[in-house]
Amino acid sequence: MGYVKGSIDLSSTQDGMLLQQVLRSRHATHDQLWQFLQLKAGENRRRIFNWRMLRLVRHGLITRLNVKCERQGWVYAISEAGAAYLAGKGDGAAFVGAKAFKQLDDPVVLHSLDLNDVHLTLIRSGELIRWKSELEILCLNELTGSGYAKDYDAVITIASNGAESTFALEYERHPKAANRYWQVRQALEKERQSGAFCI
């Protein structure tokens with residue numbers, strides 16, 4: 001069966017995985033996405049990955065951002081069309097992903113890139129069981145009655161010494177005002193889903 005000129009076939013697992021990763025990361029560098037695809041899908045053909053990313057950008061499903069970043073290469077975010085595609089596939093995080101559509105200021109982008117590095121490190125360690133992204137947490141908090149006390153940066157489950165441990169992660173690149181830490185503490189004291197926190 002042929003396709004209309006200019007259309008895109010998104011039936012491949014890697015296309016869907018890349019779109020989901022960009023959505024959940026909010027922002028990611030080209031190299032980070034390559035590493036995620038290698039670790040999660042066993043992809044080892046960089047040329048094919050580069051072609052796949054270019055297709056997704058050209059068809060408006062992923063956006064290249066213009067940010068000042070000490071890292072080399074492109075930084076990406078999901079587009080409204082990309083999130084709509086994922087929402088149509090039943091991805092709940094895409095329903096609340098409107099915040100990811102905007103190119104936020106550089107510190108917010110750098111925060112996302114740092115979290116990706118933490119995520120990749122945990123995958124490489126072999127101990128990561130589950131990484132629940134901020135958008136997935138936001139989805140639970142906004143759309144269900146069984147969410148968390150706060151929109152954490154991530155909720156992570158790892159295997160250590162034969163047991164599973166789950167903890168909420170709050171990542172800070174820079175110190176905050178004292179009253180902001182007080183608000184965070186109040187939220188943590190109300191938390192019932194996770195008993196451990198990493199800040």
# chains A, B, ... in the order shown; residues from 1 in each chain; ligands from 1
>>> residues_around(residues="range 59-73 of chain A", least_positions_apart="6", cutoff="8 Å", atoms="only C-alpha atoms", output="PDB file with N, CA and C atoms, in the first residue's frame")
ATOM      1  N   SER A   7       3.444  12.345   3.566  1.00  0.00           N
ATOM      2  CA  SER A   7       2.918  11.737   4.799  1.00  0.00           C
ATOM      3  C   SER A   7       4.025  10.943   5.474  1.00  0.00           C
ATOM      4  N   ILE A   8       3.749  10.471   6.678  1.00  0.00           N
ATOM      5  CA  ILE A   8       4.743   9.718   7.433  1.00  0.00           C
ATOM      6  C   ILE A   8       4.088   8.469   8.004  1.00  0.00           C
ATOM      7  N   LEU A  19       9.134   9.313  20.221  1.00  0.00           N
ATOM      8  CA  LEU A  19       8.129  10.324  20.564  1.00  0.00           C
ATOM      9  C   LEU A  19       7.804  10.286  22.056  1.00  0.00           C
ATOM     10  N   VAL A  22      10.786  11.755  24.067  1.00  0.00           N
ATOM     11  CA  VAL A  22      10.862  13.218  23.981  1.00  0.00           C
ATOM     12  C   VAL A  22       9.772  13.844  24.846  1.00  0.00           C
ATOM     13  N   THR A  29      18.662  16.127  24.306  1.00  0.00           N
ATOM     14  CA  THR A  29      19.620  16.358  23.231  1.00  0.00           C
ATOM     15  C   THR A  29      19.573  15.189  22.249  1.00  0.00           C
ATOM     16  N   HIS A  30      20.128  15.431  21.080  1.00  0.00           N
ATOM     17  CA  HIS A  30      20.206  14.386  20.056  1.00  0.00           C
ATOM     18  C   HIS A  30      20.952  13.171  20.606  1.00  0.00           C
ATOM     19  N   ASP A  31      22.071  13.419  21.285  1.00  0.00           N
ATOM     20  CA  ASP A  31      22.873  12.319  21.826  1.00  0.00           C
ATOM     21  C   ASP A  31      22.143  11.564  22.939  1.00  0.00           C
ATOM     22  N   SER A  79       6.140  18.338  19.874  1.00  0.00           N
ATOM     23  CA  SER A  79       5.269  19.374  19.314  1.00  0.00           C
ATOM     24  C   SER A  79       3.825  19.044  19.671  1.00  0.00           C
ATOM     25  N   GLU A  80       2.931  19.972  19.427  1.00  0.00           N
ATOM     26  CA  GLU A  80       1.510  19.701  19.675  1.00  0.00           C
ATOM     27  C   GLU A  80       1.038  18.528  18.824  1.00  0.00           C
ATOM     28  N   ALA A  81       1.516  18.463  17.577  1.00  0.00           N
ATOM     29  CA  ALA A  81       1.122  17.355  16.688  1.00  0.00           C
ATOM     30  C   ALA A  81       1.647  16.025  17.227  1.00  0.00           C
ATOM     31  N   GLY A  82       2.877  16.022  17.741  1.00  0.00           N
ATOM     32  CA  GLY A  82       3.440  14.800  18.309  1.00  0.00           C
ATOM     33  C   GLY A  82       2.681  14.344  19.535  1.00  0.00           C
ATOM     34  N   ALA A  83       2.331  15.289  20.409  1.00  0.00           N
ATOM     35  CA  ALA A  83       1.557  14.947  21.606  1.00  0.00           C
ATOM     36  C   ALA A  83       0.155  14.468  21.227  1.00  0.00           C
ATOM     37  N   GLN A 103       8.580  26.439  24.300  1.00  0.00           N
ATOM     38  CA  GLN A 103      10.025  26.487  24.535  1.00  0.00           C
ATOM     39  C   GLN A 103      10.217  27.310  25.793  1.00  0.00           C
ATOM     40  N   ASP A 106      15.997  28.760  29.199  1.00  0.00           N
ATOM     41  CA  ASP A 106      17.142  27.858  29.172  1.00  0.00           C
ATOM     42  C   ASP A 106      17.352  27.072  30.474  1.00  0.00           C
ATOM     43  N   VAL A 109      15.197  24.036  30.431  1.00  0.00           N
ATOM     44  CA  VAL A 109      15.702  23.054  29.469  1.00  0.00           C
ATOM     45  C   VAL A 109      16.898  22.313  30.066  1.00  0.00           C
ATOM     46  N   LEU A 110      17.815  23.037  30.679  1.00  0.00           N
ATOM     47  CA  LEU A 110      18.998  22.414  31.276  1.00  0.00           C
ATOM     48  C   LEU A 110      18.613  21.468  32.414  1.00  0.00           C
TER      49      LEU A 110
END
>>> residues_around(residues="Phe36 in chain A", least_positions_apart="5", cutoff="9 Å", atoms="only C-alpha atoms", output="list in words")
Leu18, Gln21, Asp31, Ala41, Leu120 and Ile123 of chain A
>>> atom_distance(atom1="CA of Ser25 in chain A", atom2="CA of Arg124 in chain A")
17.1 Å
>>> select_by_dssp(residues="range 36-119 of chain A", states="alpha helix (DSSP H)", output="PyMOL selection string")
chain A and resi 36-41+46-58+80-88+92-95+98-101+106-119
>>> residues_around(residues="Arg26 in chain A", least_positions_apart="3", cutoff="8 Å", atoms="only C-alpha atoms", output="ChimeraX atom specification")
/A:22-23,77-78,100,109,112
>>> write_last_selection(atoms="C-alpha atoms", output="PDB file, in the first residue's frame")
ATOM      1  CA  VAL A  22      10.862  13.218  23.981  1.00  0.00           C
ATOM      2  CA  LEU A  23       7.462  13.804  25.606  1.00  0.00           C
ATOM      3  CA  ALA A  77      10.835  18.924  22.540  1.00  0.00           C
ATOM      4  CA  ILE A  78       7.534  17.324  21.580  1.00  0.00           C
ATOM      5  CA  ALA A 100       6.019  20.700  27.110  1.00  0.00           C
ATOM      6  CA  VAL A 109      15.702  23.054  29.469  1.00  0.00           C
ATOM      7  CA  SER A 112      15.456  18.438  31.806  1.00  0.00           C
TER       8      SER A 112
END
>>> residues_around(residues="Leu135 in chain A", least_positions_apart="5", cutoff="10 Å", atoms="only C-alpha atoms", output="list of chain:residue names")
A:Leu23, A:Arg24, A:Ser25, A:Arg26, A:Gly92, A:Ala93, A:Ala94, A:Phe95, A:Val96, A:Gly97, A:Ala98, A:Lys99, A:Ala100, A:Leu140, A:Asn141, A:Asp151, A:Tyr152, A:Asp153, A:Ala154
>>> write_last_selection(atoms="N, CA and C atoms", output="CSV table (one decimal), in the first residue's frame")
chain,number,residue,atom,x,y,z
A,23,LEU,N,8.6,13.3,24.8
A,23,LEU,CA,7.5,13.8,25.6
A,23,LEU,C,7.8,13.7,27.1
A,24,ARG,N,8.2,12.6,27.5
A,24,ARG,CA,8.5,12.4,29.0
A,24,ARG,C,9.7,13.1,29.5
A,25,SER,N,10.7,13.3,28.6
A,25,SER,CA,11.9,14.0,28.9
A,25,SER,C,11.7,15.6,28.9
A,26,ARG,N,10.6,16.0,28.2
A,26,ARG,CA,10.3,17.4,28.0
A,26,ARG,C,11.3,18.0,27.0
A,92,GLY,N,-1.6,8.7,28.3
A,92,GLY,CA,-2.2,9.6,29.2
A,92,GLY,C,-1.3,10.9,29.4
A,93,ALA,N,0.0,10.7,29.5
A,93,ALA,CA,0.9,11.8,29.7
A,93,ALA,C,0.8,12.9,28.6
A,94,ALA,N,0.4,12.5,27.4
A,94,ALA,CA,0.3,13.4,26.3
A,94,ALA,C,-0.9,14.3,26.5
A,95,PHE,N,-1.9,13.9,27.3
A,95,PHE,CA,-3.1,14.8,27.5
A,95,PHE,C,-2.7,16.0,28.4
A,96,VAL,N,-1.7,15.8,29.3
A,96,VAL,CA,-1.3,16.9,30.1
A,96,VAL,C,0.0,17.5,29.7
A,97,GLY,N,0.4,17.2,28.5
A,97,GLY,CA,1.7,17.7,28.0
A,97,GLY,C,1.8,19.1,27.5
A,98,ALA,N,0.7,19.9,27.7
A,98,ALA,CA,0.7,21.2,27.1
A,98,ALA,C,1.9,22.0,27.5
A,99,LYS,N,2.4,21.8,28.7
A,99,LYS,CA,3.5,22.6,29.2
A,99,LYS,C,4.8,22.3,28.4
A,100,ALA,N,4.8,21.1,27.9
A,100,ALA,CA,6.0,20.7,27.1
A,100,ALA,C,6.0,21.3,25.7
A,140,LEU,N,-1.3,11.6,36.6
A,140,LEU,CA,-2.0,10.9,37.8
A,140,LEU,C,-2.6,12.0,38.7
A,141,ASN,N,-1.9,13.0,39.0
A,141,ASN,CA,-2.3,14.0,39.9
A,141,ASN,C,-3.5,14.8,39.4
A,151,ASP,N,4.1,17.3,42.3
A,151,ASP,CA,4.5,16.9,40.9
A,151,ASP,C,6.0,16.8,41.0
A,152,TYR,N,6.5,15.6,41.4
A,152,TYR,CA,7.9,15.4,41.5
A,152,TYR,C,8.6,15.4,40.1
A,153,ASP,N,9.9,15.5,40.1
A,153,ASP,CA,10.6,15.4,38.9
A,153,ASP,C,10.6,14.0,38.3
A,154,ALA,N,10.6,13.0,39.2
A,154,ALA,CA,10.4,11.6,38.8
A,154,ALA,C,10.1,10.8,40.1
>>> closest_residue(among="A:Ile48, A:Ile137, A:Leu128, A:Ala149", to="Ser165 in chain A", atoms="only C-alpha atoms")
A:Leu128
>>> closest_residue(among="A:Asn50, A:Ser160, A:Tyr148, A:Lys89", to="Ser125 in chain A", atoms="only C-alpha atoms")
A:Ser160
>>> closest_residue(among="A:Arg173, A:Gln14, A:Asp114, A:Phe167", to="Leu39 in chain A", atoms="only C-alpha atoms")
A:Gln14
>>> select_by_dssp(residues="range 16-106 of chain A", states="strand (DSSP E or B)", output="mmCIF file with N, CA and C atoms, in the first residue's frame")
data_model
loop_
_atom_site.group_PDB
_atom_site.id
_atom_site.type_symbol
_atom_site.label_atom_id
_atom_site.label_comp_id
_atom_site.auth_asym_id
_atom_site.auth_seq_id
_atom_site.Cartn_x
_atom_site.Cartn_y
_atom_site.Cartn_z
ATOM 1 N N ALA A 28 15.370 17.039 25.332
ATOM 2 C CA ALA A 28 16.445 16.043 25.261
ATOM 3 C C ALA A 28 17.375 16.403 24.117
ATOM 4 N N THR A 29 18.662 16.127 24.306
ATOM 5 C CA THR A 29 19.620 16.358 23.231
ATOM 6 C C THR A 29 19.573 15.189 22.249
ATOM 7 N N ILE A 62 8.214 16.482 16.301
ATOM 8 C CA ILE A 62 9.211 16.882 17.283
ATOM 9 C C ILE A 62 9.749 18.236 16.836
ATOM 10 N N THR A 63 10.048 19.093 17.792
ATOM 11 C CA THR A 63 10.545 20.438 17.507
ATOM 12 C C THR A 63 11.996 20.566 17.944
ATOM 13 N N ARG A 64 12.812 21.196 17.104
ATOM 14 C CA ARG A 64 14.174 21.557 17.496
ATOM 15 C C ARG A 64 14.113 22.907 18.190
ATOM 16 N N LEU A 65 14.780 23.003 19.328
ATOM 17 C CA LEU A 65 14.745 24.238 20.095
ATOM 18 C C LEU A 65 16.009 25.061 19.884
ATOM 19 N N VAL A 75 18.708 20.266 20.589
ATOM 20 C CA VAL A 75 17.838 19.948 21.719
ATOM 21 C C VAL A 75 16.420 19.884 21.163
ATOM 22 N N TYR A 76 15.667 18.876 21.586
ATOM 23 C CA TYR A 76 14.326 18.630 21.052
ATOM 24 C C TYR A 76 13.260 18.710 22.134
ATOM 25 N N ALA A 77 12.029 19.000 21.696
ATOM 26 C CA ALA A 77 10.835 18.924 22.540
ATOM 27 C C ALA A 77 9.707 18.361 21.674
ATOM 28 N N ILE A 78 8.689 17.836 22.321
ATOM 29 C CA ILE A 78 7.534 17.324 21.580
ATOM 30 C C ILE A 78 6.748 18.511 21.022
#
